[in-house]
Amino acid sequence: VTVTPILSVLPTRGLVDEKFKVALENLPPRFPVTLHSLHQSEDKDYWEAFGYYVSDDRGRVTVSQDASLGGTYTGAEPMGLLWSMRPVPGSRTGLRLRKMDVQSPMVVLISAYKGHVFEGFREQPPMASAVTERWYMAPGVQRIDIRERGVKGTIFIPQGPGPFPGVLDMWGGGGGLVEYRSALLASHGFVSMALDYLSFETFKTHNECLSYFEKVFSIIQQHPQVIKDRVGICGLSLGATVTLTMAAYCKSISPRCCVCISGSHVFPSGVSFAEVFQFKEMDMGKARLDEQKRVIWRDMILPIPTDPQRKVAMGRIKCPLLLVNGDDDQNWATVESAEDMAKMMRAAGNDHLLTTLTYHDAGHLIEPPYTPHFRASNFIVQHSKQKVVMLWGGQTKPHADAQEDSWEKILAFLRQHLYPCPSSSLPQAKL
Amino acid sequence: METNLWRLLLSVQPSRGLVDEKFSVRVQNAPPAHPLTMHALLHSEDGDTWEAFGHYVTDSGGDVNVSEDPSLGGTYDGVEPMGLLWSLRPAPGSRPGLRFRKRDAQTPMQVRLSVYQGHQSEGFMDRAVLASVMVERWYMAPGVRRVNITEGGVTGTLFLPPGPGPFPGLMDLWGGGGGLVEYRPALLASHGFASLALDYLKQADVKNEYFEDAYRVLQQHPQVCKNRIGLVGLSFGSSVALKMSVYSNVIQPRCIVCVSGSHIQHVGGTLADIFADIAKNQKKTRYNEENQVIWRDLLLPVPTDLSKKVDVGRLQCPLLLVVGEDDQNWPVPESADDMREMMEGAGNSHLLTVLSYPRAGHLIEPPYSPHCRAGTFMAAGSRKKFIALWGGEVAPHSRAQEDAWRKTLDFLRENLYCSAD
């Protein structure tokens, strides 16, 4: 009779950025096992990861301490079963895992199989299984649709009496209303607004753009649960360019701090902010294809222009700025841009505001931790509606490490600048 | 424009935990050496309000870490990571005799944890909080399945762990209050045991065969290892567990856990006979100054007559007894002593483990839930309500629950998962 091992995953229900502990007990000593994770996405694709272990003399495997000897990750990786997930064999190609409904958890099935298995997980019964939930929203976080004055977004409000600092959260050129990072920020105490800015009808002029974003910023700033002078902006990719533009040019708004992930201060289409959204003038000539016909856009803004009209005037930034980049970014020349931003700010005398984090072998899509890495995925180019496979870059393990480290630093940066820090001379909080 | 206020950060990890999981509660970003009150609030399914609180002072970094810093007073004191849960008690003005029990095991307990300015001890509902988060405490892990059992005349609920199985099984027997109590078997299933909650006091004349039928239902379930079944009993359920294990040819558990139980009972009759026997000793009922009922003497003195107590010398499987030394409801410590003596005499005392807890009472339940020293009790089939004195003091009882639960799970794993066939 085979001994049944005992598999435990704690916590059983965690936030997406919380570590978990996976442990197996009651195996025979020195027994080879495969730990496997399985998740079915909202699009019904299956994702999996696995690691090879050998139990110790007491018949135990402790994922947070023991080294995986092979599989989709190796070494002592407590969270490898999540960040090394990839589509199961036979899946559609170019997939990217993103949770669009943040009010329900990602459900992951963790299983233990006899021996070191590399395929056919669905065809054989595991020795044991456990189910764990991964949530973007902490209990009690509120989700509110925003549809006002031509602005489409979602606001997430943390639990508690408030008011809270606010964060405007912007994604990249793929468009849509992407809520998961905002939901997670609210779970960490920030009123957070996810914004669908690419469905805004047309930005005809530079001023129209600026006034749209001023309106957006004021929606979050004027919210009764938000501390007016503690609103920051967080942007990824094109969203980062928007962030920098808002910080530099919008007269009526002053973000307390900005986070730019995988972004550039260079206007992609060459000249004006409005044209960023029109994409019409974008010089696609410098787009390349790799040997697998995946699109590489990183050269499009290279060399970094010297003409000040083609990039955000970094000398006008008045608030602390955190840049987060991967040096294997194949989509945007973010490392070169960061160097140029530093140069501009040094010349303008405001470089004390700048912090740059550059992660070796990380790619473009630096997201909250413990979610899978995609070196390339399907992408619809906004203006032409063309379907391509976009090369984002990055190698899985360094990219996963970058996500974990940068998220911690982003949260610390936001807390430092947005959560008023008491000094002993301050009076007690007014509410 | 600078605003002259500071905002606390309150974080609880995990925010959705199992009922027996520890959590960490942290406050950050307050001024240093600042007095704060940590407060917990829980609404029961019956609409009652339970609360707990502890007084803290932030450290030089403006932080409080409940797992490491001492509470200086409140409903608990000292370094108590889980004090905000186990010291929960009915809010002032509540109905008397309340006991916290979750009827719906499929939804979580929702506890609101808040931080208040200064050291407060009352009037929390009228004060402004500095920060507040909702924490969920679950009896059921994700993937645990709940199955209604109605076959063979048996009424129960089976909780199955996630995974292919087959799993060791447990029959979970509650006490004389009757009903279908699901939270403990749900939690046991979350730890890998196919657990059957059994409703056995629906009729006054329940036959002994009912338990054998239930045992068979569990054994025959395709996801249960038929040779790896244990019994877990509390209070009267323990009496049933002991009797069945010794005298039934069908019920052959691999191990038994008896919480707050006694072997003293009329052997050879039905449950109705046992109840009738106990009722004969009504006059031994005592009352404390608050008129709460003390029933522990009804079974005393421990009989020498073998027709009046289960012959535990004939037990063939490991037995874990969990004893609260301040049990005012049943003579559990005396029974445990007598059982040990009987087993030593019979030569099977190597099967016996006794966990005895000073100042713990009768209701030794899964950890981190409120302690009930005295509570409204209505025996199954009766309409009379009493306030029964269960016994135990909050802190020692809570420590007993934590320790006993951990050892109970270890015992069950040892005997049902690890032992060779």
# chains A, B, ... in the order shown; residues from 1 in each chain; ligands from 1
$ residues_around --residues "A:Glu404" --least-positions-apart "5" --cutoff "10 Å" --atoms "only C-alpha atoms" --output "list in words"
Asp17, Trp83, Ile366, Glu367, Pro368, Pro369, Tyr370, Thr371, Pro398, His399 and Lys409 of chain A
$ interface_residues --of "chain B" --to "chain A" --cutoff "9 Å" --atoms "only C-alpha atoms" --output "VMD selection string"
chain B and resid 1 to 11 13 to 18 21 29 to 32 62 114 117 128 to 136 141 to 144 161 to 167 191 to 192 413 417 to 421
$ residues_around --residues "stretch 315-328 of chain A" --least-positions-apart "6" --cutoff "9 Å" --atoms "only C-alpha atoms" --output "ChimeraX atom specification"
/A:244,247-249,254-263,334-335,338,341,344-366,392-395,399,402,406,410,413,417
$ residues_around --residues "stretch 302-318 of chain B" --least-positions-apart "4" --cutoff "8 Å" --atoms "only C-alpha atoms" --output "list in words"
Leu242, Lys243, Ser245, Val246, Pro253, Arg254, Cys255, Ile256, His263, Ile264, Gln265, His266, Val267, Gly268, Glu334, Ser335, Asp338, Met339, Met342, Met343, Glu344, Gly345, Ala346, Gly347, Asn348, Leu351, Leu352, Thr353 and Asn415 of chain B
$ write_last_selection --atoms "N, CA and C atoms" --output "JSON list (two decimals), in the first residue's frame"
[["chain", "number", "residue", "atom", "x", "y", "z"],
["B", 242, "LEU", "N", -16.10, 6.04, 22.88],
["B", 242, "LEU", "CA", -15.48, 5.00, 23.71],
["B", 242, "LEU", "C", -16.32, 3.73, 23.71],
["B", 243, "LYS", "N", -17.60, 3.90, 23.91],
["B", 243, "LYS", "CA", -18.48, 2.72, 23.98],
["B", 243, "LYS", "C", -18.46, 1.93, 22.69],
["B", 245, "SER", "N", -16.23, 1.89, 20.32],
["B", 245, "SER", "CA", -14.94, 1.27, 19.99],
["B", 245, "SER", "C", -14.72, -0.01, 20.76],
["B", 246, "VAL", "N", -15.22, -0.06, 21.99],
["B", 246, "VAL", "CA", -14.99, -1.26, 22.80],
["B", 246, "VAL", "C", -16.00, -2.35, 22.48],
["B", 253, "PRO", "N", -12.05, 1.59, 15.08],
["B", 253, "PRO", "CA", -11.26, 2.74, 14.64],
["B", 253, "PRO", "C", -9.77, 2.46, 14.81],
["B", 254, "ARG", "N", -9.01, 3.20, 14.05],
["B", 254, "ARG", "CA", -7.57, 3.09, 14.12],
["B", 254, "ARG", "C", -7.04, 3.91, 15.30],
["B", 255, "CYS", "N", -7.82, 4.91, 15.71],
["B", 255, "CYS", "CA", -7.46, 5.70, 16.87],
["B", 255, "CYS", "C", -8.68, 6.50, 17.30],
["B", 256, "ILE", "N", -8.64, 6.98, 18.53],
["B", 256, "ILE", "CA", -9.77, 7.76, 19.06],
["B", 256, "ILE", "C", -9.25, 9.00, 19.78],
["B", 263, "HIS", "N", -15.83, 7.92, 30.44],
["B", 263, "HIS", "CA", -16.21, 6.52, 30.13],
["B", 263, "HIS", "C", -17.37, 6.08, 31.01],
["B", 264, "ILE", "N", -17.76, 6.96, 31.93],
["B", 264, "ILE", "CA", -18.81, 6.59, 32.89],
["B", 264, "ILE", "C", -20.16, 6.67, 32.19],
["B", 265, "GLN", "N", -20.82, 5.53, 32.02],
["B", 265, "GLN", "CA", -22.13, 5.48, 31.40],
["B", 265, "GLN", "C", -22.70, 4.10, 31.59],
["B", 266, "HIS", "N", -24.01, 4.03, 31.45],
["B", 266, "HIS", "CA", -24.70, 2.75, 31.56],
["B", 266, "HIS", "C", -24.37, 1.95, 30.31],
["B", 267, "VAL", "N", -23.59, 0.92, 30.48],
["B", 267, "VAL", "CA", -23.15, 0.13, 29.32],
["B", 267, "VAL", "C", -24.26, -0.85, 28.95],
["B", 268, "GLY", "N", -24.41, -1.16, 27.68],
["B", 268, "GLY", "CA", -25.39, -2.19, 27.31],
["B", 268, "GLY", "C", -26.77, -1.65, 27.08],
["B", 334, "GLU", "N", -11.34, 13.15, 36.69],
["B", 334, "GLU", "CA", -11.53, 11.92, 37.47],
["B", 334, "GLU", "C", -11.69, 10.71, 36.54],
["B", 335, "SER", "N", -12.42, 10.91, 35.46],
["B", 335, "SER", "CA", -12.63, 9.83, 34.50],
["B", 335, "SER", "C", -11.30, 9.44, 33.86],
["B", 338, "ASP", "N", -9.30, 7.38, 36.17],
["B", 338, "ASP", "CA", -9.83, 6.02, 36.29],
["B", 338, "ASP", "C", -9.53, 5.21, 35.04],
["B", 339, "MET", "N", -9.63, 5.84, 33.89],
["B", 339, "MET", "CA", -9.32, 5.13, 32.65],
["B", 339, "MET", "C", -7.87, 4.67, 32.64],
["B", 342, "MET", "N", -7.55, 1.68, 34.86],
["B", 342, "MET", "CA", -8.11, 0.48, 34.25],
["B", 342, "MET", "C", -7.17, -0.06, 33.17],
["B", 343, "MET", "N", -6.61, 0.84, 32.39],
["B", 343, "MET", "CA", -5.76, 0.40, 31.29],
["B", 343, "MET", "C", -4.42, -0.13, 31.81],
["B", 344, "GLU", "N", -3.95, 0.47, 32.89],
["B", 344, "GLU", "CA", -2.72, -0.06, 33.46],
["B", 344, "GLU", "C", -2.97, -1.47, 33.98],
["B", 345, "GLY", "N", -4.13, -1.64, 34.62],
["B", 345, "GLY", "CA", -4.49, -2.97, 35.12],
["B", 345, "GLY", "C", -4.62, -3.99, 33.99],
["B", 346, "ALA", "N", -5.15, -3.54, 32.86],
["B", 346, "ALA", "CA", -5.40, -4.48, 31.76],
["B", 346, "ALA", "C", -4.16, -4.67, 30.89],
["B", 347, "GLY", "N", -3.17, -3.82, 31.03],
["B", 347, "GLY", "CA", -1.94, -3.96, 30.25],
["B", 347, "GLY", "C", -1.99, -3.26, 28.90],
["B", 348, "ASN", "N", -2.97, -2.36, 28.67],
["B", 348, "ASN", "CA", -2.99, -1.65, 27.38],
["B", 348, "ASN", "C", -2.77, -0.14, 27.55],
["B", 351, "LEU", "N", -1.36, 2.46, 25.03],
["B", 351, "LEU", "CA", -2.20, 3.07, 24.00],
["B", 351, "LEU", "C", -2.70, 4.46, 24.42],
["B", 352, "LEU", "N", -2.52, 4.75, 25.71],
["B", 352, "LEU", "CA", -3.16, 5.95, 26.25],
["B", 352, "LEU", "C", -2.24, 7.16, 26.29],
["B", 353, "THR", "N", -2.75, 8.30, 25.82],
["B", 353, "THR", "CA", -2.08, 9.58, 26.01],
["B", 353, "THR", "C", -3.09, 10.54, 26.63],
["B", 415, "ASN", "N", -1.37, 8.31, 13.45],
["B", 415, "ASN", "CA", -2.10, 7.06, 13.46],
["B", 415, "ASN", "C", -2.85, 6.76, 12.17]]
$ closest_residue --among "B:Phe159, B:Ala380, B:Cys372, B:Gly78" --to "B:Asp199" --atoms "only C-alpha atoms"
B:Ala380
$ residues_around --residues "B:Ala186" --least-positions-apart "6" --cutoff "7 Å" --atoms "only C-alpha atoms" --output "PyMOL selection string"
chain B and resi 105+139-140+159
$ closest_residue --among "B:Glu51, B:Glu402, B:Glu289, B:Glu341" --to "B:Leu113" --atoms "only C-alpha atoms"
B:Glu51
$ closest_residue --among "B:Thr157, B:Asn227, B:Ser71, B:Thr107" --to "B:Ser195" --atoms "only C-alpha atoms"
B:Thr157
$ select_by_dssp --residues "stretch 263-369 of chain A" --states "helix (DSSP H, G or I)" --output "PyMOL selection string"
chain A and resi 273-278+284-286+298-301+308-310+314-316+334-348+351-353
$ closest_residue --among "B:Thr49, B:Ser67, B:Thr155, B:Thr75" --to "B:Arg112" --atoms "only C-alpha atoms"
B:Thr49
$ closest_residue --among "B:Ala272, B:Ala33, B:Gly261, B:Gly177" --to "B:Gly375" --atoms "only C-alpha atoms"
B:Gly177
$ select_by_dssp --residues "stretch 220-419 of chain B" --states "strand (DSSP E)" --output "CSV table (one decimal) with N, CA, C and O atoms, in the first residue's frame"
chain,number,residue,atom,x,y,z
B,224,VAL,N,-12.5,7.2,0.8
B,224,VAL,CA,-12.1,7.0,2.2
B,224,VAL,C,-11.3,5.7,2.2
B,224,VAL,O,-11.8,4.7,1.7
B,225,CYS,N,-10.2,5.7,2.9
B,225,CYS,CA,-9.4,4.4,3.2
B,225,CYS,C,-10.2,3.7,4.3
B,225,CYS,O,-10.2,4.1,5.4
B,226,LYS,N,-10.8,2.5,3.9
B,226,LYS,CA,-11.7,1.9,4.9
B,226,LYS,C,-10.9,1.4,6.1
B,226,LYS,O,-11.6,1.2,7.2
B,227,ASN,N,-9.6,1.2,6.1
B,227,ASN,CA,-8.9,0.7,7.2
B,227,ASN,C,-8.2,1.9,8.0
B,227,ASN,O,-7.4,1.6,8.9
B,228,ARG,N,-8.5,3.1,7.6
B,228,ARG,CA,-7.9,4.2,8.3
B,228,ARG,C,-8.9,5.2,8.8
B,228,ARG,O,-9.0,6.3,8.2
B,229,ILE,N,-9.7,4.8,9.7
B,229,ILE,CA,-10.8,5.6,10.2
B,229,ILE,C,-10.6,5.9,11.7
B,229,ILE,O,-10.3,4.9,12.5
B,230,GLY,N,-10.7,7.1,12.1
B,230,GLY,CA,-10.6,7.4,13.5
B,230,GLY,C,-11.9,8.0,14.0
B,230,GLY,O,-12.8,8.4,13.2
B,231,LEU,N,-12.0,8.1,15.3
B,231,LEU,CA,-13.2,8.8,15.9
B,231,LEU,C,-12.7,10.0,16.7
B,231,LEU,O,-11.7,9.9,17.4
B,232,VAL,N,-13.5,11.1,16.6
B,232,VAL,CA,-13.2,12.3,17.4
B,232,VAL,C,-14.4,12.7,18.1
B,232,VAL,O,-15.5,12.8,17.4
B,233,GLY,N,-14.4,12.8,19.4
B,233,GLY,CA,-15.6,13.1,20.1
B,233,GLY,C,-15.4,14.2,21.1
B,233,GLY,O,-14.2,14.4,21.6
B,234,LEU,N,-16.4,15.0,21.3
B,234,LEU,CA,-16.4,16.0,22.4
B,234,LEU,C,-17.5,15.7,23.3
B,234,LEU,O,-18.6,15.5,22.9
B,255,CYS,N,-7.8,4.9,15.7
B,255,CYS,CA,-7.5,5.7,16.9
B,255,CYS,C,-8.7,6.5,17.3
B,255,CYS,O,-9.6,6.7,16.5
B,256,ILE,N,-8.6,7.0,18.5
B,256,ILE,CA,-9.8,7.8,19.1
B,256,ILE,C,-9.2,9.0,19.8
B,256,ILE,O,-8.3,8.9,20.5
B,257,VAL,N,-9.9,10.1,19.6
B,257,VAL,CA,-9.6,11.3,20.3
B,257,VAL,C,-10.9,11.6,21.1
B,257,VAL,O,-12.0,11.8,20.6
B,258,CYS,N,-10.7,11.7,22.5
B,258,CYS,CA,-11.9,12.1,23.3
B,258,CYS,C,-11.6,13.4,24.0
B,258,CYS,O,-10.7,13.4,24.9
B,259,VAL,N,-12.3,14.4,23.6
B,259,VAL,CA,-12.1,15.7,24.2
B,259,VAL,C,-13.2,15.9,25.3
B,259,VAL,O,-14.4,15.6,25.0
B,286,ARG,N,-25.4,21.2,41.1
B,286,ARG,CA,-25.0,22.3,42.0
B,286,ARG,C,-25.1,23.6,41.2
B,286,ARG,O,-25.2,23.6,39.9
B,287,TYR,N,-25.1,24.7,41.9
B,287,TYR,CA,-25.2,26.0,41.3
B,287,TYR,C,-24.2,26.9,41.9
B,287,TYR,O,-23.9,26.8,43.1
B,293,VAL,N,-25.3,26.3,36.1
B,293,VAL,CA,-25.4,24.9,36.5
B,293,VAL,C,-24.1,24.1,36.4
B,293,VAL,O,-23.4,24.2,35.4
B,294,ILE,N,-23.8,23.4,37.5
B,294,ILE,CA,-22.6,22.6,37.5
B,294,ILE,C,-23.1,21.2,37.6
B,294,ILE,O,-23.8,20.7,38.5
B,319,LEU,N,-5.6,5.9,22.1
B,319,LEU,CA,-6.6,6.8,22.7
B,319,LEU,C,-5.9,8.1,23.2
B,319,LEU,O,-5.0,8.0,24.0
B,320,LEU,N,-6.4,9.2,22.7
B,320,LEU,CA,-5.9,10.5,23.2
B,320,LEU,C,-7.0,11.1,24.0
B,320,LEU,O,-8.1,11.4,23.5
B,321,LEU,N,-6.8,11.4,25.2
B,321,LEU,CA,-7.8,12.1,26.1
B,321,LEU,C,-7.3,13.5,26.3
B,321,LEU,O,-6.2,13.8,26.6
B,322,VAL,N,-8.3,14.5,26.0
B,322,VAL,CA,-8.0,15.9,26.3
B,322,VAL,C,-8.8,16.3,27.4
B,322,VAL,O,-10.1,16.2,27.4
B,323,VAL,N,-8.1,16.8,28.5
B,323,VAL,CA,-8.8,17.1,29.8
B,323,VAL,C,-8.6,18.5,30.2
B,323,VAL,O,-7.5,19.0,30.2
B,324,GLY,N,-9.7,19.2,30.5
B,324,GLY,CA,-9.6,20.5,31.1
B,324,GLY,C,-9.8,20.3,32.6
B,324,GLY,O,-10.8,19.8,33.1
B,352,LEU,N,-2.5,4.8,25.7
B,352,LEU,CA,-3.2,5.9,26.3
B,352,LEU,C,-2.2,7.2,26.3
B,352,LEU,O,-1.1,7.1,26.8
B,353,THR,N,-2.7,8.3,25.8
B,353,THR,CA,-2.1,9.6,26.0
B,353,THR,C,-3.1,10.5,26.6
B,353,THR,O,-4.2,10.6,26.1
B,354,VAL,N,-2.7,11.2,27.7
B,354,VAL,CA,-3.6,12.1,28.3
B,354,VAL,C,-3.0,13.5,28.3
B,354,VAL,O,-1.8,13.7,28.6
B,355,LEU,N,-3.7,14.5,27.7
B,355,LEU,CA,-3.3,15.9,27.7
B,355,LEU,C,-4.2,16.6,28.8
B,355,LEU,O,-5.4,16.7,28.6
B,356,SER,N,-3.6,17.1,29.8
B,356,SER,CA,-4.4,17.7,30.9
B,356,SER,C,-4.0,19.1,31.1
B,356,SER,O,-2.8,19.4,31.2
B,357,TYR,N,-5.0,20.0,31.1
B,357,TYR,CA,-4.7,21.4,31.1
B,357,TYR,C,-5.3,22.1,32.3
B,357,TYR,O,-6.5,22.2,32.5
B,374,ALA,N,-19.4,30.0,30.6
B,374,ALA,CA,-20.7,29.6,31.0
B,374,ALA,C,-21.6,29.9,29.8
B,374,ALA,O,-21.5,31.1,29.3
B,375,GLY,N,-22.5,29.1,29.4
B,375,GLY,CA,-23.3,29.4,28.2
B,375,GLY,C,-24.7,28.7,28.3
B,375,GLY,O,-24.9,27.7,29.0
B,376,THR,N,-25.6,29.3,27.5
B,376,THR,CA,-26.9,28.7,27.4
B,376,THR,C,-26.8,27.3,26.8
B,376,THR,O,-26.1,27.1,25.8
B,377,PHE,N,-27.5,26.4,27.5
B,377,PHE,CA,-27.4,25.0,27.0
B,377,PHE,C,-28.8,24.4,27.0
B,377,PHE,O,-29.6,24.6,28.0
B,386,PHE,N,-30.7,26.1,30.2
B,386,PHE,CA,-30.0,26.4,31.4
B,386,PHE,C,-28.8,27.3,31.0
B,386,PHE,O,-28.5,27.4,29.9
B,387,ILE,N,-28.2,27.9,32.0
B,387,ILE,CA,-26.8,28.4,31.8
B,387,ILE,C,-25.9,27.5,32.4
B,387,ILE,O,-25.8,27.4,33.7
B,388,ALA,N,-25.2,26.7,31.6
B,388,ALA,CA,-24.3,25.7,32.1
B,388,ALA,C,-23.0,26.3,32.3
B,388,ALA,O,-22.5,27.1,31.6
B,389,LEU,N,-22.4,25.9,33.5
B,389,LEU,CA,-21.0,26.4,33.7
B,389,LEU,C,-20.1,25.4,33.1
B,389,LEU,O,-20.0,24.2,33.5
$ atom_distance --atom1 "atom CA of A:Pro303" --atom2 "atom CA of A:Ala342"
15.9 Å
$ closest_residue --among "B:Gly176, B:Gly47, B:Pro185, B:Val206" --to "B:Leu98" --atoms "only C-alpha atoms"
B:Gly47
$ residues_around --residues "A:Arg149" --least-positions-apart "4" --cutoff "10 Å" --atoms "only C-alpha atoms" --output "MDAnalysis selection string"
chainID A and resid 212 215:216 219
$ write_last_selection --atoms "C-alpha atoms" --output "compact mmCIF listing (two decimals), in the first residue's frame"
# COMPACT_ATOMS: atom_id res chain seq x y z
CA TYR A 212 -8.00 65.19 -20.18
CA LYS A 215 -9.42 66.00 -15.32
CA VAL A 216 -8.43 62.43 -14.52
CA ILE A 219 -11.17 62.94 -10.12
